[in-house]
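The data block below is start34.cif; it holds mmCIF, C-alpha atoms.
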```
data_model
#
loop_
_atom_site.group_PDB
_atom_site.id
_atom_site.type_symbol
_atom_site.label_atom_id
_atom_site.label_comp_id
_atom_site.auth_asym_id
_atom_site.auth_seq_id
_atom_site.Cartn_x
_atom_site.Cartn_y
_atom_site.Cartn_z
ATOM 1 C CA MET A 1 10.959 13.149 -67.310
ATOM 2 C CA VAL A 2 7.848 14.848 -65.898
ATOM 3 C CA GLN A 3 6.418 15.281 -69.396
ATOM 4 C CA LYS A 4 7.051 11.628 -70.227
ATOM 5 C CA PHE A 5 5.361 10.490 -67.005
ATOM 6 C CA SER A 6 2.393 12.781 -67.675
ATOM 7 C CA SER A 7 2.076 11.371 -71.202
ATOM 8 C CA LEU A 8 2.165 7.821 -69.823
ATOM 9 C CA LEU A 9 -0.596 8.626 -67.345
ATOM 10 C CA ARG A 10 -2.734 10.024 -70.161
ATOM 11 C CA ASP A 11 -2.172 6.848 -72.165
ATOM 12 C CA TYR A 12 -3.208 4.667 -69.220
ATOM 13 C CA ALA A 13 -6.293 6.827 -68.644
ATOM 14 C CA GLU A 14 -7.244 6.459 -72.308
ATOM 15 C CA LEU A 15 -6.505 2.731 -72.360
ATOM 16 C CA THR A 16 -8.710 2.120 -69.325
ATOM 17 C CA LYS A 17 -11.350 4.672 -70.421
ATOM 18 C CA ALA A 18 -11.157 6.591 -67.158
ATOM 19 C CA ARG A 19 -14.196 8.784 -67.846
ATOM 20 C CA ILE A 20 -16.450 5.812 -68.536
ATOM 21 C CA THR A 21 -15.064 4.022 -65.479
ATOM 22 C CA THR A 22 -15.951 7.076 -63.380
ATOM 23 C CA LEU A 23 -19.598 6.889 -64.506
ATOM 24 C CA ILE A 24 -19.624 3.131 -63.800
ATOM 25 C CA VAL A 25 -18.317 3.707 -60.283
ATOM 26 C CA LEU A 26 -20.924 6.407 -59.610
ATOM 27 C CA THR A 27 -23.791 4.160 -60.703
ATOM 28 C CA ALA A 28 -22.364 1.278 -58.659
ATOM 29 C CA TRP A 29 -22.373 3.640 -55.668
ATOM 30 C CA CYS A 30 -26.120 4.087 -56.154
ATOM 31 C CA GLY A 31 -26.621 0.312 -56.032
ATOM 32 C CA TYR A 32 -24.498 0.035 -52.891
ATOM 33 C CA PHE A 33 -26.359 2.932 -51.268
ATOM 34 C CA PHE A 34 -29.749 1.276 -51.633
ATOM 35 C CA GLY A 35 -28.410 -2.142 -50.715
ATOM 36 C CA ALA A 36 -26.933 -0.722 -47.510
ATOM 37 C CA ARG A 37 -30.160 1.135 -46.770
ATOM 38 C CA ARG A 38 -32.156 -2.085 -47.215
ATOM 39 C CA MET A 39 -29.762 -3.860 -44.873
ATOM 40 C CA GLY A 40 -29.793 -1.055 -42.297
ATOM 41 C CA VAL A 41 -26.036 -0.430 -42.382
ATOM 42 C CA PRO A 42 -24.127 2.819 -43.115
ATOM 43 C CA SER A 43 -23.894 3.572 -46.827
ATOM 44 C CA LEU A 44 -20.588 5.392 -46.347
ATOM 45 C CA SER A 45 -18.152 2.787 -45.106
ATOM 46 C CA LEU A 46 -14.972 0.877 -45.825
ATOM 47 C CA GLY A 47 -17.149 -1.709 -47.574
ATOM 48 C CA LEU A 48 -18.285 0.954 -50.056
ATOM 49 C CA LEU A 49 -14.699 1.950 -50.858
ATOM 50 C CA GLU A 50 -13.686 -1.687 -51.300
ATOM 51 C CA ALA A 51 -16.646 -2.380 -53.594
ATOM 52 C CA LEU A 52 -16.103 0.690 -55.753
ATOM 53 C CA PHE A 53 -12.364 0.046 -55.950
ATOM 54 C CA GLY A 54 -12.879 -3.528 -57.144
ATOM 55 C CA ILE A 55 -15.511 -2.492 -59.694
ATOM 56 C CA ALA A 56 -13.221 0.269 -60.978
ATOM 57 C CA LEU A 57 -10.394 -2.250 -61.403
ATOM 58 C CA VAL A 58 -12.517 -4.625 -63.485
ATOM 59 C CA SER A 59 -14.052 -1.803 -65.523
ATOM 60 C CA SER A 60 -10.590 -0.434 -66.314
ATOM 61 C CA GLY A 61 -9.236 -3.866 -67.190
ATOM 62 C CA THR A 62 -12.185 -4.705 -69.434
ATOM 63 C CA ALA A 63 -11.769 -1.394 -71.260
ATOM 64 C CA ALA A 64 -8.082 -2.145 -71.836
ATOM 65 C CA LEU A 65 -8.825 -5.627 -73.207
ATOM 66 C CA ASN A 66 -11.540 -4.171 -75.413
ATOM 67 C CA GLU A 67 -9.013 -1.783 -76.928
ATOM 68 C CA VAL A 68 -6.649 -4.699 -77.541
ATOM 69 C CA LEU A 69 -9.382 -6.583 -79.413
ATOM 70 C CA GLU A 70 -10.340 -3.502 -81.423
ATOM 71 C CA THR A 71 -6.875 -2.117 -82.225
ATOM 72 C CA SER A 72 -7.271 -2.597 -85.975
ATOM 73 C CA VAL A 73 -10.761 -1.085 -85.901
ATOM 74 C CA ASP A 74 -9.615 1.895 -83.840
ATOM 75 C CA ALA A 75 -6.828 2.538 -86.341
ATOM 76 C CA LYS A 76 -9.414 3.091 -89.092
ATOM 77 C CA MET A 77 -11.533 5.606 -87.162
ATOM 78 C CA ARG A 78 -10.563 9.245 -86.818
ATOM 79 C CA ARG A 79 -11.729 9.666 -83.215
ATOM 80 C CA THR A 80 -9.845 6.568 -81.977
ATOM 81 C CA ALA A 81 -6.759 6.444 -84.217
ATOM 82 C CA ARG A 82 -4.671 8.334 -81.644
ATOM 83 C CA ARG A 83 -5.360 5.859 -78.843
ATOM 84 C CA PRO A 84 -2.220 4.272 -77.332
ATOM 85 C CA LEU A 85 -2.452 0.960 -79.229
ATOM 86 C CA PRO A 86 -3.304 2.009 -82.818
ATOM 87 C CA SER A 87 -0.857 4.925 -82.587
ATOM 88 C CA GLY A 88 1.933 2.570 -81.499
ATOM 89 C CA ARG A 89 2.643 4.331 -78.198
ATOM 90 C CA MET A 90 1.893 1.119 -76.304
ATOM 91 C CA SER A 91 2.382 -2.532 -77.231
ATOM 92 C CA LYS A 92 -0.446 -5.053 -77.270
ATOM 93 C CA ALA A 93 1.459 -7.302 -74.860
ATOM 94 C CA HIS A 94 1.698 -4.458 -72.357
ATOM 95 C CA ALA A 95 -2.002 -3.645 -72.705
ATOM 96 C CA VAL A 96 -3.008 -7.316 -72.381
ATOM 97 C CA THR A 97 -0.959 -7.635 -69.197
ATOM 98 C CA ILE A 98 -2.611 -4.556 -67.722
ATOM 99 C CA GLY A 99 -6.086 -5.612 -68.858
ATOM 100 C CA LEU A 100 -5.877 -9.166 -67.546
ATOM 101 C CA GLY A 101 -4.245 -8.052 -64.308
ATOM 102 C CA LEU A 102 -6.947 -5.491 -63.584
ATOM 103 C CA THR A 103 -9.867 -7.693 -64.660
ATOM 104 C CA LEU A 104 -8.816 -10.871 -62.887
ATOM 105 C CA GLY A 105 -7.330 -9.013 -59.937
ATOM 106 C CA GLY A 106 -10.455 -6.889 -59.499
ATOM 107 C CA SER A 107 -12.732 -9.935 -59.703
ATOM 108 C CA ALA A 108 -10.673 -11.735 -57.072
ATOM 109 C CA TYR A 109 -10.550 -8.606 -54.921
ATOM 110 C CA LEU A 110 -14.350 -8.343 -54.911
ATOM 111 C CA ALA A 111 -14.744 -12.064 -54.204
ATOM 112 C CA ILE A 112 -12.489 -11.659 -51.145
ATOM 113 C CA TYR A 113 -13.439 -8.239 -49.788
ATOM 114 C CA ALA A 114 -17.119 -8.122 -50.811
ATOM 115 C CA ASN A 115 -18.486 -11.597 -51.512
ATOM 116 C CA LEU A 116 -18.179 -14.455 -53.980
ATOM 117 C CA LEU A 117 -21.406 -13.525 -55.804
ATOM 118 C CA THR A 118 -20.141 -10.039 -56.660
ATOM 119 C CA GLY A 119 -16.768 -11.385 -57.743
ATOM 120 C CA LEU A 120 -18.456 -13.898 -60.037
ATOM 121 C CA LEU A 121 -20.957 -11.393 -61.456
ATOM 122 C CA VAL A 122 -18.300 -8.812 -62.249
ATOM 123 C CA PHE A 123 -16.178 -11.434 -64.010
ATOM 124 C CA LEU A 124 -19.175 -12.643 -66.056
ATOM 125 C CA THR A 125 -20.004 -9.029 -66.913
ATOM 126 C CA ALA A 126 -16.516 -8.523 -68.315
ATOM 127 C CA LEU A 127 -16.735 -11.829 -70.178
ATOM 128 C CA VAL A 128 -20.044 -10.962 -71.879
ATOM 129 C CA TYR A 129 -18.721 -7.531 -72.818
ATOM 130 C CA LEU A 130 -15.554 -8.921 -74.381
ATOM 131 C CA ALA A 131 -16.761 -12.245 -75.800
ATOM 132 C CA ALA A 132 -20.260 -11.236 -76.987
ATOM 133 C CA TYR A 133 -20.707 -7.475 -77.339
ATOM 134 C CA THR A 134 -17.286 -6.660 -78.792
ATOM 135 C CA PRO A 135 -17.313 -9.201 -81.678
ATOM 136 C CA LEU A 136 -21.006 -8.531 -82.403
ATOM 137 C CA LYS A 137 -20.174 -4.915 -83.221
ATOM 138 C CA LYS A 138 -18.664 -6.203 -86.469
ATOM 139 C CA ILE A 139 -21.663 -8.398 -87.256
ATOM 140 C CA SER A 140 -25.043 -6.879 -86.382
ATOM 141 C CA PRO A 141 -26.817 -3.880 -84.778
ATOM 142 C CA ILE A 142 -28.074 -6.337 -82.150
ATOM 143 C CA CYS A 143 -24.754 -5.607 -80.438
ATOM 144 C CA THR A 144 -26.374 -2.551 -78.801
ATOM 145 C CA PHE A 145 -29.032 -4.746 -77.186
ATOM 146 C CA VAL A 146 -26.488 -7.353 -76.047
ATOM 147 C CA GLY A 147 -24.103 -4.687 -74.774
ATOM 148 C CA ALA A 148 -26.866 -3.122 -72.691
ATOM 149 C CA PHE A 149 -26.769 -6.130 -70.332
ATOM 150 C CA PRO A 150 -23.165 -5.714 -69.103
ATOM 151 C CA GLY A 151 -23.663 -1.955 -69.373
ATOM 152 C CA ALA A 152 -26.473 -2.060 -66.808
ATOM 153 C CA MET A 153 -24.616 -4.259 -64.323
ATOM 154 C CA PRO A 154 -22.774 -1.630 -62.197
ATOM 155 C CA VAL A 155 -25.843 -0.891 -60.044
ATOM 156 C CA VAL A 156 -26.362 -4.628 -59.567
ATOM 157 C CA LEU A 157 -22.736 -5.104 -58.516
ATOM 158 C CA GLY A 158 -23.008 -2.252 -56.018
ATOM 159 C CA TRP A 159 -26.135 -3.831 -54.534
ATOM 160 C CA THR A 160 -24.760 -7.378 -54.314
ATOM 161 C CA ALA A 161 -21.510 -6.109 -52.789
ATOM 162 C CA VAL A 162 -23.457 -5.252 -49.642
ATOM 163 C CA ARG A 163 -26.483 -7.559 -49.832
ATOM 164 C CA ASN A 164 -24.901 -10.684 -51.356
ATOM 165 C CA ARG A 165 -28.104 -11.391 -53.287
ATOM 166 C CA VAL A 166 -30.170 -10.128 -56.213
ATOM 167 C CA GLU A 167 -33.533 -8.651 -55.192
ATOM 168 C CA ILE A 168 -36.429 -6.805 -56.822
ATOM 169 C CA GLU A 169 -34.861 -3.395 -56.130
ATOM 170 C CA THR A 170 -31.762 -4.571 -57.997
ATOM 171 C CA VAL A 171 -33.866 -5.454 -61.013
ATOM 172 C CA ILE A 172 -35.480 -2.001 -61.013
ATOM 173 C CA LEU A 173 -32.132 -0.207 -60.898
ATOM 174 C CA PHE A 174 -30.851 -2.531 -63.629
ATOM 175 C CA ALA A 175 -33.916 -1.773 -65.775
ATOM 176 C CA ILE A 176 -33.366 1.992 -65.538
ATOM 177 C CA MET A 177 -29.773 1.668 -66.704
ATOM 178 C CA PHE A 178 -30.689 -0.879 -69.372
ATOM 179 C CA VAL A 179 -33.346 1.313 -71.004
ATOM 180 C CA TRP A 180 -31.295 4.525 -70.663
ATOM 181 C CA GLN A 181 -28.473 3.062 -72.729
ATOM 182 C CA PHE A 182 -30.471 2.981 -75.968
ATOM 183 C CA PRO A 183 -30.996 6.728 -76.499
ATOM 184 C CA HIS A 184 -27.477 7.257 -75.155
ATOM 185 C CA PHE A 185 -25.592 4.831 -77.395
ATOM 186 C CA LEU A 186 -27.794 5.291 -80.456
ATOM 187 C CA SER A 187 -27.097 9.029 -80.302
ATOM 188 C CA ILE A 188 -23.366 8.239 -80.178
ATOM 189 C CA ALA A 189 -23.711 5.857 -83.120
ATOM 190 C CA TRP A 190 -25.583 8.531 -85.065
ATOM 191 C CA LEU A 191 -23.074 11.238 -84.215
ATOM 192 C CA TYR A 192 -20.073 9.131 -85.242
ATOM 193 C CA ARG A 193 -21.757 7.210 -88.058
ATOM 194 C CA GLU A 194 -19.003 7.922 -90.597
ATOM 195 C CA ASP A 195 -16.307 6.750 -88.203
ATOM 196 C CA TYR A 196 -18.198 3.540 -87.410
ATOM 197 C CA ALA A 197 -18.720 2.896 -91.120
ATOM 198 C CA GLN A 198 -15.003 3.389 -91.715
ATOM 199 C CA GLY A 199 -14.256 0.815 -89.015
ATOM 200 C CA ASP A 200 -16.986 -1.536 -90.305
ATOM 201 C CA ILE A 201 -18.859 -1.323 -87.003
ATOM 202 C CA ARG A 202 -22.428 -2.435 -87.694
ATOM 203 C CA MET A 203 -24.308 0.082 -85.591
ATOM 204 C CA LEU A 204 -27.914 0.765 -86.609
ATOM 205 C CA PRO A 205 -27.321 4.210 -88.216
ATOM 206 C CA VAL A 206 -24.577 2.584 -90.319
ATOM 207 C CA VAL A 207 -26.682 -0.361 -91.473
ATOM 208 C CA GLU A 208 -29.857 1.711 -92.042
ATOM 209 C CA SER A 209 -28.617 5.103 -93.155
ATOM 210 C CA ASP A 210 -32.096 6.594 -93.595
ATOM 211 C CA GLY A 211 -32.195 6.785 -89.792
ATOM 212 C CA LYS A 212 -35.860 5.832 -89.411
ATOM 213 C CA SER A 213 -35.300 2.690 -87.327
ATOM 214 C CA THR A 214 -32.791 4.489 -85.128
ATOM 215 C CA ILE A 215 -35.130 7.406 -84.475
ATOM 216 C CA TRP A 216 -38.082 5.186 -83.599
ATOM 217 C CA ARG A 217 -35.950 3.186 -81.180
ATOM 218 C CA ILE A 218 -34.675 6.367 -79.545
ATOM 219 C CA LEU A 219 -38.230 7.642 -79.109
ATOM 220 C CA ALA A 220 -39.559 4.292 -77.878
ATOM 221 C CA TYR A 221 -36.863 3.769 -75.257
ATOM 222 C CA SER A 222 -36.993 7.416 -74.143
ATOM 223 C CA ALA A 223 -40.740 7.012 -73.587
ATOM 224 C CA ILE A 224 -40.361 3.663 -71.790
ATOM 225 C CA LEU A 225 -37.727 5.199 -69.530
ATOM 226 C CA ILE A 226 -40.335 7.462 -67.884
ATOM 227 C CA PRO A 227 -42.509 4.737 -66.277
ATOM 228 C CA VAL A 228 -39.456 2.574 -65.581
ATOM 229 C CA SER A 229 -37.796 5.456 -63.704
ATOM 230 C CA LEU A 230 -40.901 5.789 -61.498
ATOM 231 C CA MET A 231 -40.797 2.201 -60.247
ATOM 232 C CA PRO A 232 -38.462 3.028 -57.311
ATOM 233 C CA VAL A 233 -41.305 5.145 -55.887
ATOM 234 C CA ALA A 234 -43.680 2.169 -55.936
ATOM 235 C CA LEU A 235 -41.108 0.141 -53.976
ATOM 236 C CA GLY A 236 -40.536 2.881 -51.410
ATOM 237 C CA MET A 237 -36.965 3.476 -52.535
ATOM 238 C CA ALA A 238 -37.607 7.167 -53.192
ATOM 239 C CA GLY A 239 -40.223 9.765 -52.358
ATOM 240 C CA ARG A 240 -42.329 12.562 -53.765
ATOM 241 C CA TRP A 241 -39.516 14.884 -54.842
ATOM 242 C CA TYR A 242 -37.891 12.076 -56.772
ATOM 243 C CA LEU A 243 -41.249 11.306 -58.403
ATOM 244 C CA ILE A 244 -41.615 14.900 -59.574
ATOM 245 C CA GLY A 245 -37.997 15.123 -60.693
ATOM 246 C CA ALA A 246 -38.081 11.807 -62.546
ATOM 247 C CA VAL A 247 -41.210 12.826 -64.465
ATOM 248 C CA LEU A 248 -39.744 16.217 -65.383
ATOM 249 C CA MET A 249 -36.351 14.811 -66.389
ATOM 250 C CA GLY A 250 -37.947 11.973 -68.327
ATOM 251 C CA ALA A 251 -40.230 14.387 -70.169
ATOM 252 C CA ALA A 252 -37.285 16.666 -70.928
ATOM 253 C CA LEU A 253 -35.229 13.764 -72.277
ATOM 254 C CA PHE A 254 -38.141 12.653 -74.465
ATOM 255 C CA ARG A 255 -38.518 16.230 -75.745
ATOM 256 C CA VAL A 256 -34.858 16.280 -76.723
ATOM 257 C CA SER A 257 -35.307 12.886 -78.385
ATOM 258 C CA MET A 258 -38.139 14.378 -80.460
ATOM 259 C CA GLY A 259 -35.535 16.709 -81.918
ATOM 260 C CA MET A 260 -34.271 13.701 -83.865
ATOM 261 C CA TYR A 261 -37.699 13.364 -85.492
ATOM 262 C CA TYR A 262 -38.513 16.980 -86.372
ATOM 263 C CA PRO A 263 -37.210 17.478 -88.987
ATOM 264 C CA GLN A 264 -36.640 13.804 -89.761
ATOM 265 C CA LEU A 265 -33.261 13.690 -91.476
ATOM 266 C CA PRO A 266 -31.261 10.694 -92.675
ATOM 267 C CA ALA A 267 -28.209 9.691 -90.665
ATOM 268 C CA THR A 268 -26.060 10.778 -93.603
ATOM 269 C CA ALA A 269 -27.216 14.413 -93.328
ATOM 270 C CA SER A 270 -24.714 16.692 -91.614
ATOM 271 C CA ALA A 271 -27.578 18.778 -90.178
ATOM 272 C CA SER A 272 -28.715 15.731 -88.172
ATOM 273 C CA LYS A 273 -25.561 15.865 -86.034
ATOM 274 C CA ALA A 274 -26.759 18.794 -83.928
ATOM 275 C CA PRO A 275 -29.886 17.096 -82.489
ATOM 276 C CA ALA A 276 -27.871 13.887 -81.952
ATOM 277 C CA ARG A 277 -25.279 15.870 -80.000
ATOM 278 C CA ARG A 278 -28.008 17.519 -77.887
ATOM 279 C CA LEU A 279 -29.487 14.105 -77.128
ATOM 280 C CA LEU A 280 -26.104 12.710 -76.141
ATOM 281 C CA ARG A 281 -25.536 15.605 -73.737
ATOM 282 C CA ALA A 282 -29.023 15.159 -72.300
ATOM 283 C CA THR A 283 -28.471 11.458 -71.617
ATOM 284 C CA ILE A 284 -25.118 12.178 -69.969
ATOM 285 C CA PHE A 285 -26.826 14.627 -67.619
ATOM 286 C CA TYR A 286 -29.933 12.502 -67.056
ATOM 287 C CA LEU A 287 -28.549 9.319 -65.498
ATOM 288 C CA PRO A 288 -26.317 10.726 -62.718
ATOM 289 C CA ALA A 289 -28.920 13.408 -61.960
ATOM 290 C CA LEU A 290 -31.678 10.800 -61.668
ATOM 291 C CA PHE A 291 -29.660 8.510 -59.397
ATOM 292 C CA ALA A 292 -28.446 11.425 -57.284
ATOM 293 C CA LEU A 293 -32.034 12.609 -56.752
ATOM 294 C CA MET A 294 -33.121 9.071 -55.936
ATOM 295 C CA MET A 295 -30.438 8.805 -53.267
ATOM 296 C CA VAL A 296 -31.122 12.262 -51.789
ATOM 297 C CA ASN A 297 -34.869 11.596 -51.623
ATOM 298 C CA SER A 298 -34.625 7.957 -50.609
ATOM 299 C CA GLY A 299 -37.576 6.794 -48.525
ATOM 300 C CA LYS A 300 -38.898 10.291 -47.878
#
```
Show this structure as structure tokens.
Amino acid sequence: MVQKFSSLLRDYAELTKARITTLIVLTAWCGYFFGARRMGVPSLSLGLLEALFGIALVSSGTAALNEVLETSVDAKMRRTARRPLPSGRMSKAHAVTIGLGLTLGGSAYLAIYANLLTGLLVFLTALVYLAAYTPLKKISPICTFVGAFPGAMPVVLGWTAVRNRVEIETVILFAIMFVWQFPHFLSIAWLYREDYAQGDIRMLPVVESDGKSTIWRILAYSAILIPVSLMPVALGMAGRWYLIGAVLMGAALFRVSMGMYYPQLPATASASKAPARRLLRATIFYLPALFALMMVNSGK
């Protein structure tokens, strides 16, 4: 009985992509923190817990619905074939019920306990992710660009949950997350190119196997991320230590990105996996570290 319950919990965690939801909640916390600071209210409060809980619900529900839509694709890819739906451990009807319940329930929860704007924005974020980004993955590499919009929304949702409006600081936080996603997701697409090709997912390394376009985009966005990450300093959101840290972390991320260029290997080369994996790890470290430093050094 205990083993069966533990297995069910693992299936739910995989269906709702618990690790990704955790990162979403952490970035939403950053948005709430700065929104509360702008408003002059405590950043650690019941309102924070309510906002993060609602965002986690919608994120989990959207992930579940995404897996429902991509069940046949997941079944073709080695790294996703053992997920609850393609493996047959969970029915689509069950997953749809969970996904809709969490997405709609979380949107309503935020509309009631935060504000109507946040409830509406989180619902629209889920809608764009499911109705635009998900089907585009089978059509064109532009899906990465489209998917970056809902992907950058958690910090906006955290901000609006406390401020009930979109302001310039929100746009800056959104821009950091938006630009960061390109080296992050392109490194994933490079690393799992064969799997994506098997599932007919039209990521850039799949469509252009020589890798040149992917590498130039990784380098361009990694470079752009440096000045974008410094904009909070200009707005007084963070101080000198953040400025120094952002420059150093941005330079380090760009240096790791350069590893994709020297030596310049096609996406089909097995030796190209190692620099792609290093870049992925660097991006995973970069974003929470940057936001944490921004919060610690806020206005100092």
Quick one: residues within 12 Å of Met249 (chain A), all atoms listed in the file counted, chain neighbours fewer than 2 positions away excluded, as an MDAnalysis selection string? chainID A and resid 222:223 225:227 229:230 241:247 251:256 282:283 285:291 293
Apply the PyMOL selection byres ((chain A and resi 180-197) around 7) to the file shown and report the selected residues as number ranges by chain. A: 77-78, 148, 176-179, 198-201, 203, 205-206, 214, 218, 221-222, 225, 267, 273, 276-277, 279-280, 283
Just say which residues the PyMOL selection byres ((chain A and resi 75) around 12) picks in this file, as a compact mmCIF listing (two decimals) with C-alpha atoms, in the frame of the given file.
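Below is the file that was written, expr.txt:
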```
# COMPACT_ATOMS: atom_id res chain seq x y z
CA GLU A 67 -9.01 -1.78 -76.93
CA VAL A 68 -6.65 -4.70 -77.54
CA LEU A 69 -9.38 -6.58 -79.41
CA GLU A 70 -10.34 -3.50 -81.42
CA THR A 71 -6.88 -2.12 -82.22
CA SER A 72 -7.27 -2.60 -85.98
CA VAL A 73 -10.76 -1.08 -85.90
CA ASP A 74 -9.62 1.90 -83.84
CA LYS A 76 -9.41 3.09 -89.09
CA MET A 77 -11.53 5.61 -87.16
CA ARG A 78 -10.56 9.24 -86.82
CA ARG A 79 -11.73 9.67 -83.22
CA THR A 80 -9.85 6.57 -81.98
CA ALA A 81 -6.76 6.44 -84.22
CA ARG A 82 -4.67 8.33 -81.64
CA ARG A 83 -5.36 5.86 -78.84
CA PRO A 84 -2.22 4.27 -77.33
CA LEU A 85 -2.45 0.96 -79.23
CA PRO A 86 -3.30 2.01 -82.82
CA SER A 87 -0.86 4.92 -82.59
CA GLY A 88 1.93 2.57 -81.50
CA ASP A 195 -16.31 6.75 -88.20
CA TYR A 196 -18.20 3.54 -87.41
CA GLN A 198 -15.00 3.39 -91.72
CA GLY A 199 -14.26 0.82 -89.02
CA ASP A 200 -16.99 -1.54 -90.30
```
I need the output of the PyMOL selection byres ((chain A and resi 36) around 10) for this file as a PyMOL selection string; which residues are they? chain A and resi 30-35+37-45+47-48+158-163
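Between CA of Phe149 (chain A) and CA of Phe53 (chain A) the separation is 21.3 Å.
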Please determine the residues with any atom at most 8 Å from (-15.9, -8.4, -64.9) (coordinates as given in the file, with only C-alpha atoms counting) and report them as a PyMOL selection string. chain A and resi 55+58-59+62+103-104+106-107+119-127
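Reported to one decimal place, the separation of CA of Thr21 (chain A) from CA of Thr170 (chain A) is 20.2 Å.
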Between A:Pro154, A:Arg240, A:Thr144, A:Gly54, which has the minimum distance to Gly105 (chain A) (counting only C-alpha atoms)? A:Gly54
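With all atoms listed in the file as the atoms that count, the minimum distance from Ser140 (chain A) to the choices A:Ala220, A:Ala28, A:Leu204, A:Ala271 is reached by A:Leu204.
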